[in-house]
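**Q** Just protein-v2.cif, nothing more (mmCIF, C-alpha atoms):
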```
data_run
#
loop_
_atom_site.group_PDB
_atom_site.id
_atom_site.type_symbol
_atom_site.label_atom_id
_atom_site.label_comp_id
_atom_site.auth_asym_id
_atom_site.auth_seq_id
_atom_site.Cartn_x
_atom_site.Cartn_y
_atom_site.Cartn_z
ATOM 1 C CA MET Z 280 120.710 95.306 89.542
ATOM 2 C CA PHE Z 281 118.520 95.673 92.641
ATOM 3 C CA ASN Z 282 120.255 98.963 93.506
ATOM 4 C CA ASN Z 283 119.184 100.346 90.123
ATOM 5 C CA ILE Z 284 115.501 100.075 91.075
ATOM 6 C CA PRO Z 285 114.095 103.496 92.094
ATOM 7 C CA PRO Z 286 114.001 103.898 95.903
ATOM 8 C CA ILE Z 287 110.234 103.735 96.556
ATOM 9 C CA THR Z 288 109.724 100.554 94.549
ATOM 10 C CA ARG Z 289 112.879 99.021 96.017
ATOM 11 C CA ASN Z 290 111.842 99.796 99.590
ATOM 12 C CA LEU Z 291 108.310 98.493 99.045
ATOM 13 C CA ILE Z 292 109.734 95.193 97.806
ATOM 14 C CA ILE Z 293 112.164 95.011 100.751
ATOM 15 C CA ILE Z 294 109.427 95.696 103.323
ATOM 16 C CA ASN Z 295 107.118 93.089 101.783
ATOM 17 C CA VAL Z 296 109.863 90.446 101.795
ATOM 18 C CA ILE Z 297 110.916 91.228 105.380
ATOM 19 C CA VAL Z 298 107.329 91.071 106.656
ATOM 20 C CA TYR Z 299 106.813 87.795 104.800
ATOM 21 C CA LEU Z 300 109.910 86.203 106.324
ATOM 22 C CA VAL Z 301 109.139 87.447 109.833
ATOM 23 C CA SER Z 302 105.483 86.379 109.721
ATOM 24 C CA ASN Z 303 106.304 82.920 108.366
ATOM 25 C CA PHE Z 304 109.419 82.020 110.341
ATOM 26 C CA LEU Z 305 109.532 84.174 113.473
ATOM 27 C CA LEU Z 306 106.125 85.595 114.419
ATOM 28 C CA PRO Z 307 103.308 83.610 112.760
ATOM 29 C CA ASN Z 308 100.708 85.376 114.949
ATOM 30 C CA LEU Z 309 101.269 88.453 112.814
ATOM 31 C CA TYR Z 310 98.792 86.908 110.380
ATOM 32 C CA ASN Z 311 96.051 87.430 112.971
ATOM 33 C CA THR Z 312 97.221 90.955 113.798
ATOM 34 C CA LEU Z 313 98.165 92.484 110.449
ATOM 35 C CA SER Z 314 95.890 90.737 107.933
ATOM 36 C CA GLY Z 315 92.766 92.596 106.833
ATOM 37 C CA PHE Z 316 89.544 91.379 108.432
ATOM 38 C CA TYR Z 317 85.994 92.419 107.557
ATOM 39 C CA PRO Z 318 85.486 95.803 109.315
ATOM 40 C CA PHE Z 319 82.444 94.498 111.221
ATOM 41 C CA SER Z 320 84.326 91.432 112.454
ATOM 42 C CA PRO Z 321 85.488 91.096 116.071
ATOM 43 C CA ASN Z 322 88.963 90.509 114.635
ATOM 44 C CA PHE Z 323 89.208 93.839 112.786
ATOM 45 C CA LYS Z 324 91.699 96.495 113.890
ATOM 46 C CA SER Z 325 91.999 99.894 112.228
ATOM 47 C CA TRP Z 326 95.646 99.468 111.217
ATOM 48 C CA GLN Z 327 94.767 96.437 109.104
ATOM 49 C CA ILE Z 328 93.529 98.799 106.386
ATOM 50 C CA ILE Z 329 97.222 99.466 105.671
ATOM 51 C CA THR Z 330 99.072 96.462 107.063
ATOM 52 C CA HIS Z 331 97.165 93.893 104.986
ATOM 53 C CA MET Z 332 99.024 95.248 101.941
ATOM 54 C CA PHE Z 333 102.297 93.861 103.332
ATOM 55 C CA MET Z 334 100.983 90.390 104.189
ATOM 56 C CA HIS Z 335 100.930 87.491 101.740
ATOM 57 C CA ALA Z 336 99.670 83.924 101.710
ATOM 58 C CA SER Z 337 101.466 81.728 104.210
ATOM 59 C CA ILE Z 338 104.190 79.491 102.870
ATOM 60 C CA SER Z 339 102.155 76.533 104.164
ATOM 61 C CA GLU Z 340 99.169 77.337 101.915
ATOM 62 C CA SER Z 341 98.661 75.866 98.465
ATOM 63 C CA ILE Z 342 99.599 79.094 96.693
ATOM 64 C CA GLY Z 343 102.570 79.328 99.036
ATOM 65 C CA ILE Z 344 105.476 81.557 98.154
ATOM 66 C CA MET Z 345 104.152 82.134 94.622
ATOM 67 C CA HIS Z 346 101.768 84.796 95.964
ATOM 68 C CA ILE Z 347 104.493 87.164 97.098
ATOM 69 C CA LEU Z 348 106.833 86.246 94.227
ATOM 70 C CA PHE Z 349 104.207 87.090 91.615
ATOM 71 C CA ASN Z 350 103.258 90.358 93.325
ATOM 72 C CA MET Z 351 106.833 91.519 93.796
ATOM 73 C CA PHE Z 352 107.805 90.567 90.243
ATOM 74 C CA THR Z 353 104.840 92.563 88.915
ATOM 75 C CA LEU Z 354 105.763 95.555 91.078
ATOM 76 C CA PHE Z 355 109.361 95.256 89.873
ATOM 77 C CA SER Z 356 108.128 95.189 86.249
ATOM 78 C CA PHE Z 357 105.765 98.187 86.312
ATOM 79 C CA GLY Z 358 106.701 100.205 89.391
ATOM 80 C CA PRO Z 359 110.035 101.767 88.335
ATOM 81 C CA ILE Z 360 108.597 103.352 85.184
ATOM 82 C CA LEU Z 361 105.681 104.875 87.078
ATOM 83 C CA GLU Z 362 107.891 106.051 89.930
ATOM 84 C CA GLN Z 363 110.116 107.896 87.479
ATOM 85 C CA THR Z 364 107.133 109.293 85.562
ATOM 86 C CA LEU Z 365 104.988 110.404 88.499
ATOM 87 C CA GLY Z 366 107.646 111.224 91.067
ATOM 88 C CA ASP Z 367 107.908 109.927 94.630
ATOM 89 C CA LYS Z 368 104.855 111.659 96.128
ATOM 90 C CA LYS Z 369 102.312 110.782 93.430
ATOM 91 C CA TYR Z 370 103.667 107.245 93.161
ATOM 92 C CA LEU Z 371 103.232 106.635 96.893
ATOM 93 C CA ILE Z 372 99.740 108.125 96.786
ATOM 94 C CA LEU Z 373 98.907 105.858 93.848
ATOM 95 C CA TYR Z 374 100.181 102.747 95.597
ATOM 96 C CA PHE Z 375 98.467 103.207 98.944
ATOM 97 C CA ALA Z 376 95.267 104.745 97.572
ATOM 98 C CA SER Z 377 94.912 101.735 95.271
ATOM 99 C CA GLY Z 378 95.418 99.404 98.228
ATOM 100 C CA LEU Z 379 92.730 101.286 100.165
ATOM 101 C CA GLY Z 380 90.403 101.115 97.173
ATOM 102 C CA ALA Z 381 90.946 97.362 97.036
ATOM 103 C CA PHE Z 382 90.118 97.003 100.723
ATOM 104 C CA PHE Z 383 86.995 99.152 100.388
ATOM 105 C CA LEU Z 384 85.479 97.403 97.368
ATOM 106 C CA PHE Z 385 86.250 93.913 98.650
ATOM 107 C CA ASN Z 386 84.622 94.652 101.996
ATOM 108 C CA LEU Z 387 81.699 96.468 100.424
ATOM 109 C CA TRP Z 388 80.874 93.159 98.741
ATOM 110 C CA ASN Z 389 81.468 91.373 102.057
ATOM 111 C CA PHE Z 390 78.951 93.756 103.639
ATOM 112 C CA VAL Z 391 76.346 92.927 101.002
ATOM 113 C CA GLU Z 392 76.891 89.203 101.518
ATOM 114 C CA ALA Z 393 76.821 89.555 105.314
ATOM 115 C CA GLN Z 394 73.530 91.452 105.211
ATOM 116 C CA GLN Z 395 71.986 88.797 102.992
ATOM 117 C CA ILE Z 396 73.073 86.052 105.392
ATOM 118 C CA ILE Z 397 71.819 87.977 108.437
ATOM 119 C CA SER Z 398 68.465 88.624 106.759
ATOM 120 C CA ARG Z 399 68.031 84.950 105.862
ATOM 121 C CA LEU Z 400 68.964 83.887 109.377
ATOM 122 C CA GLN Z 401 66.442 86.310 110.841
ATOM 123 C CA SER Z 402 63.749 84.863 108.599
ATOM 124 C CA LEU Z 403 64.535 81.498 110.204
ATOM 125 C CA GLY Z 404 64.160 82.990 113.667
ATOM 126 C CA PHE Z 405 67.906 82.961 114.434
ATOM 127 C CA ASN Z 406 69.814 85.987 115.735
ATOM 128 C CA ALA Z 407 73.086 86.306 113.805
ATOM 129 C CA SER Z 408 74.663 88.248 116.679
ATOM 130 C CA GLU Z 409 74.992 84.907 118.447
ATOM 131 C CA VAL Z 410 77.724 84.003 115.957
ATOM 132 C CA TYR Z 411 79.664 87.266 116.323
ATOM 133 C CA PRO Z 412 81.561 86.636 119.600
ATOM 134 C CA LYS Z 413 82.289 83.042 118.623
ATOM 135 C CA ALA Z 414 84.072 84.267 115.486
ATOM 136 C CA ALA Z 415 86.772 86.032 117.519
ATOM 137 C CA LEU Z 416 90.145 84.371 116.996
ATOM 138 C CA ASP Z 417 90.778 84.247 120.740
ATOM 139 C CA TYR Z 418 87.327 82.847 121.630
ATOM 140 C CA VAL Z 419 87.549 79.703 123.797
ATOM 141 C CA GLY Z 420 83.941 79.142 124.896
ATOM 142 C CA SER Z 421 81.233 76.877 123.587
ATOM 143 C CA MET Z 422 80.646 76.853 119.836
ATOM 144 C CA ARG Z 423 77.080 75.668 120.212
ATOM 145 C CA ILE Z 424 74.376 77.789 118.538
ATOM 146 C CA SER Z 425 70.606 77.760 118.768
ATOM 147 C CA ALA Z 426 70.047 77.213 115.035
ATOM 148 C CA THR Z 427 68.818 73.654 114.632
ATOM 149 C CA THR Z 428 67.822 73.388 110.975
ATOM 150 C CA ALA Z 429 70.366 72.399 108.317
ATOM 151 C CA GLU Z 430 69.832 75.688 106.487
ATOM 152 C CA GLY Z 431 70.304 77.736 109.648
ATOM 153 C CA GLN Z 432 73.494 75.924 110.557
ATOM 154 C CA LYS Z 433 74.837 76.350 107.026
ATOM 155 C CA LEU Z 434 74.119 80.091 107.036
ATOM 156 C CA ALA Z 435 75.612 80.510 110.498
ATOM 157 C CA SER Z 436 78.724 78.691 109.287
ATOM 158 C CA GLU Z 437 78.994 81.018 106.278
ATOM 159 C CA TYR Z 438 78.678 84.089 108.494
ATOM 160 C CA TYR Z 439 81.264 82.665 110.894
ATOM 161 C CA ALA Z 440 83.693 82.079 108.020
ATOM 162 C CA LEU Z 441 83.172 85.613 106.684
ATOM 163 C CA LEU Z 442 83.957 87.138 110.084
ATOM 164 C CA ARG Z 443 87.151 85.110 110.363
ATOM 165 C CA SER Z 444 88.422 85.350 106.781
ATOM 166 C CA LYS Z 445 91.680 87.228 106.176
ATOM 167 C CA MET Z 446 92.496 89.577 103.328
ATOM 168 C CA VAL Z 447 96.216 89.583 102.544
ATOM 169 C CA GLY Z 448 98.443 90.795 99.763
ATOM 170 C CA ALA Z 449 99.709 93.780 97.847
ATOM 171 C CA SER Z 450 97.675 92.769 94.781
ATOM 172 C CA GLY Z 451 95.166 95.615 95.113
ATOM 173 C CA ALA Z 452 97.912 98.234 95.264
ATOM 174 C CA ILE Z 453 99.796 96.557 92.415
ATOM 175 C CA PHE Z 454 96.668 96.383 90.238
ATOM 176 C CA GLY Z 455 96.456 100.141 90.749
ATOM 177 C CA VAL Z 456 100.028 100.432 89.484
ATOM 178 C CA ILE Z 457 99.210 98.279 86.447
ATOM 179 C CA ALA Z 458 96.047 100.286 85.681
ATOM 180 C CA ALA Z 459 97.973 103.558 85.945
ATOM 181 C CA PHE Z 460 100.653 102.188 83.620
ATOM 182 C CA ALA Z 461 97.997 101.115 81.116
ATOM 183 C CA THR Z 462 96.445 104.593 81.282
ATOM 184 C CA LEU Z 463 99.709 106.475 80.797
ATOM 185 C CA TYR Z 464 101.269 104.036 78.315
ATOM 186 C CA PRO Z 465 98.261 102.379 76.633
ATOM 187 C CA ASP Z 466 100.120 101.183 73.536
ATOM 188 C CA SER Z 467 102.910 99.428 75.435
ATOM 189 C CA LYS Z 468 103.035 95.735 74.662
ATOM 190 C CA ILE Z 469 103.700 93.065 77.249
ATOM 191 C CA GLY Z 470 104.041 89.309 77.084
ATOM 192 C CA ILE Z 471 101.832 87.136 79.239
ATOM 193 C CA MET Z 472 101.630 83.400 79.822
ATOM 194 C CA PHE Z 473 99.463 81.347 77.442
ATOM 195 C CA ILE Z 474 99.304 84.235 74.909
ATOM 196 C CA PRO Z 475 101.855 83.614 72.120
ATOM 197 C CA VAL Z 476 102.245 87.269 71.054
ATOM 198 C CA PRO Z 477 102.708 90.495 73.054
ATOM 199 C CA ILE Z 478 99.456 92.374 73.689
ATOM 200 C CA LYS Z 479 98.860 96.078 74.277
ATOM 201 C CA VAL Z 480 98.058 96.864 77.904
ATOM 202 C CA LYS Z 481 95.041 98.954 76.900
ATOM 203 C CA TYR Z 482 93.423 95.744 75.665
ATOM 204 C CA LEU Z 483 94.722 93.442 78.369
ATOM 205 C CA LEU Z 484 93.616 95.497 81.390
ATOM 206 C CA PRO Z 485 89.859 95.543 80.564
ATOM 207 C CA ILE Z 486 89.939 91.781 80.005
ATOM 208 C CA ILE Z 487 91.547 91.236 83.413
ATOM 209 C CA VAL Z 488 89.118 93.617 85.163
ATOM 210 C CA VAL Z 489 86.010 92.063 83.601
ATOM 211 C CA GLY Z 490 87.293 88.590 84.459
ATOM 212 C CA SER Z 491 87.981 89.669 88.046
ATOM 213 C CA ILE Z 492 84.484 91.127 88.415
ATOM 214 C CA TYR Z 493 82.936 87.891 87.173
ATOM 215 C CA LEU Z 494 85.063 85.690 89.432
ATOM 216 C CA GLY Z 495 84.487 87.942 92.442
ATOM 217 C CA ILE Z 496 80.703 88.104 92.108
ATOM 218 C CA SER Z 497 80.173 84.513 91.005
ATOM 219 C CA GLY Z 498 82.075 83.101 93.955
ATOM 220 C CA ASN Z 499 84.333 81.052 91.672
ATOM 221 C CA GLY Z 500 87.449 82.909 92.697
ATOM 222 C CA GLY Z 501 89.176 80.020 94.406
ATOM 223 C CA GLY Z 502 89.914 82.001 97.564
ATOM 224 C CA VAL Z 503 91.364 84.970 95.645
ATOM 225 C CA ALA Z 504 90.013 88.450 96.461
ATOM 226 C CA HIS Z 505 89.241 89.334 92.837
ATOM 227 C CA LEU Z 506 87.082 92.342 93.729
ATOM 228 C CA ALA Z 507 90.042 93.769 95.626
ATOM 229 C CA HIS Z 508 91.944 93.713 92.325
ATOM 230 C CA VAL Z 509 89.092 95.616 90.683
ATOM 231 C CA GLY Z 510 89.030 98.214 93.466
ATOM 232 C CA GLY Z 511 92.760 98.796 93.164
ATOM 233 C CA ALA Z 512 92.627 99.009 89.378
ATOM 234 C CA LEU Z 513 89.758 101.501 89.503
ATOM 235 C CA VAL Z 514 91.637 103.851 91.828
ATOM 236 C CA GLY Z 515 94.842 103.557 89.781
ATOM 237 C CA TRP Z 516 92.954 104.322 86.586
ATOM 238 C CA LEU Z 517 91.184 107.350 88.092
ATOM 239 C CA LEU Z 518 94.364 108.860 89.527
ATOM 240 C CA ALA Z 519 96.295 108.312 86.303
ATOM 241 C CA ARG Z 520 93.473 109.919 84.303
ATOM 242 C CA ILE Z 521 93.607 112.978 86.559
ATOM 243 C CA TRP Z 522 97.380 113.280 86.548
ATOM 244 C CA LYS Z 523 97.792 112.536 82.850
ATOM 245 C CA LYS Z 524 96.191 115.858 81.899
ATOM 246 C CA HIS Z 525 98.949 117.821 83.641
ATOM 247 C CA LEU Z 526 101.874 115.416 83.499
ATOM 248 C CA TYR Z 527 103.634 116.883 80.480
ATOM 249 C CA ARG Z 528 102.214 120.384 80.363
ATOM 250 C CA PHE Z 529 105.613 122.023 80.986
ATOM 251 C CA ASN Z 530 107.499 119.919 78.425
#
```
If you convert what's in this file into structure tokens, what do you get?
**A**
Amino acid sequence: MFNNIPPITRNLIIINVIVYLVSNFLLPNLYNTLSGFYPFSPNFKSWQIITHMFMHASISESIGIMHILFNMFTLFSFGPILEQTLGDKKYLILYFASGLGAFFLFNLWNFVEAQQIISRLQSLGFNASEVYPKAALDYVGSMRISATTAEGQKLASEYYALLRSKMVGASGAIFGVIAAFATLYPDSKIGIMFIPVPIKVKYLLPIIVVGSIYLGISGNGGGVAHLAHVGGALVGWLLARIWKKHLYRFN
């Protein structure tokens, strides 16, 4: 059955699984090298813009292996149809452009939050740049800071956490695939947990996007990069809208 999956989707699944196994059982430091860090963090490297798409939550975390299983199952469900419809080149562009869109929107929100924290720290007379070097993963010096008030220490801790937080997963790219599918096949019905009847994707996608925006902005996301999902879905929708106009013009 696996050999019947179109080659791009099949190879994407294989690469994701291999990277997951290697990073969890052979080279755990890959999480510090390949995960996506905030671009203004001392831990950010340019290649992370791409490599974060092939990293998934560690098997030791609460979400564990379910993160990669859910993503790969979703890619397996929607990817083959789009690959056959769009062709190899457009499908690859869709996948990686959606992943880049996810990274951009998620970190745009991180930038807004970082600037708010920095501004509040400055109003307390504390220089946020004091936190920056201490947030490096390989930093071994003193963690002491000059902020003495409870508010200042709390804000410095939030900034520290932001600079060290990792973005992992193919979810942004896969949300782009789902959004493109919903754009090209809006009346297709799919089953989803907790909903007793199949629902058309043109109704389901907006619900998911609105919910992701709320969870991402409200901070109630439970450690999930919901705005990354929105960024990926937006890019997938835009590309599918553009390509849909010319997709069947020679038929």
**Q** So how many Å separate CA of Ile292 in chain Z and CA of Leu384 in chain Z, to one decimal?
**A**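 Between these atoms lies a distance of 24.4 Å.
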**Q** Taking the file above as input, evaluate the PyMOL selection byres ((chain Z and resi 517) around 10) and report the hits as an MDAnalysis selection string.
**A** chainID Z and resid 373 377 455 458:459 462 512:516 518:523
**Q** Taking all atoms listed in the file into account, which of Z:Ile478, Z:Ala440, Z:Val391, Z:Val298 comes nearest Tyr411 in chain Z?
**A**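 Selected residue with least distance to Tyr411 in chain Z: Z:Ala440.
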**Q** May I ask for the distance between CA of Ser341 in chain Z and CA of Val488 in chain Z, given in Å to one decimal place?
**A**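 Computing the Euclidean distance for CA of Ser341 in chain Z and CA of Val488 in chain Z yields 24.1 Å.
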**Q** Apply the PyMOL selection byres ((chain Z and resi 396) around 12) to the file shown and report the selected residues as number ranges by chain.
**A** Z: 389-395, 397-403, 405-408, 410, 430-442
**Q** What separation in Å, quoted to one decimal, exists between CA of His508 in chain Z and CA of His525 in chain Z?
**A**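 According to the coordinates, CA of His508 in chain Z and CA of His525 in chain Z are separated by 26.6 Å.
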**Q** Just want the 10 Å neighbourhood of Phe383 in chain Z, counted on all atoms listed in the file, with same-chain residues fewer than 5 positions away dropped. Output as a VMD selection string.
**A** chain Z and resid 317 to 318 328 377 to 378 388 to 389 506 to 507 510 to 511
**Q** For the structure shown, which residues end up in the PyMOL selection byres ((chain Z and resi 446) around 9)? Put them as JSON, numbers by chain, please?
**A** {"Z": [314, 315, 316, 317, 331, 332, 334, 335, 382, 385, 444, 445, 447, 448, 504]}
**Q** Enclose the full set of atoms of range 485-495 of chain Z listed in the file within a box whose edges lie along x, y and z, apply 5 Å of padding to each of the six sides, and report centre and edge lengths in Å to one decimal as lines of an AutoDock Vina configuration file.
**A**
```
center_x = 87.2
center_y = 90.6
center_z = 86.2
size_x = 18.6
size_y = 19.9
size_z = 22.4
```
**Q** Select, from Z:Ile342, Z:Leu313, Z:Met351, Z:Leu300, the residue with the minimum atom-to-atom distance to Thr288 in chain Z, counting all atoms listed in the file.
**A**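 Of the candidates, the smallest distance to Thr288 in chain Z is held by Z:Met351.
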**Q** Closest to Phe323 in chain Z among Z:Leu416, Z:Ile457, Z:Ala376, Z:Ala426, using all atoms listed in the file?
**A**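 When distances to Phe323 in chain Z are compared using all atoms listed in the file, the smallest one comes from Z:Leu416.
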**Q** In terms of the shortest atom-to-atom distance over all atoms listed in the file, which of Z:Leu348, Z:Ile329, Z:Ile284, Z:Met422 is closest to Gln363 in chain Z?
**A** Z:Ile284
**Q** Could you name the residues that touch Ala461 in chain Z at 10 Å or less, counting all atoms listed in the file, but leaving out those on the same chain fewer than 5 positions away, as a compact mmCIF listing (two decimals) with C-alpha atoms, in the coordinates of the input?
**A**
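New file result.txt:
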```txt
# COMPACT_ATOMS: atom_id res chain seq x y z
CA PHE Z 357 105.76 98.19 86.31
CA GLY Z 455 96.46 100.14 90.75
CA VAL Z 456 100.03 100.43 89.48
CA ASP Z 466 100.12 101.18 73.54
CA SER Z 467 102.91 99.43 75.44
CA LYS Z 468 103.04 95.74 74.66
CA LYS Z 479 98.86 96.08 74.28
CA VAL Z 480 98.06 96.86 77.90
CA LYS Z 481 95.04 98.95 76.90
CA TYR Z 482 93.42 95.74 75.67
CA LEU Z 483 94.72 93.44 78.37
CA LEU Z 484 93.62 95.50 81.39
CA PRO Z 485 89.86 95.54 80.56
CA GLY Z 515 94.84 103.56 89.78
CA TRP Z 516 92.95 104.32 86.59
CA ALA Z 519 96.30 108.31 86.30
```
**Q** Return the single residue from Z:Ser450, Z:Asn290, Z:Ser491, Z:Thr427 that is closest to Ala381 in chain Z, with distances computed using only C-alpha atoms.
**A**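 Using only C-alpha atoms, Ala381 in chain Z sits closest to Z:Ser450.
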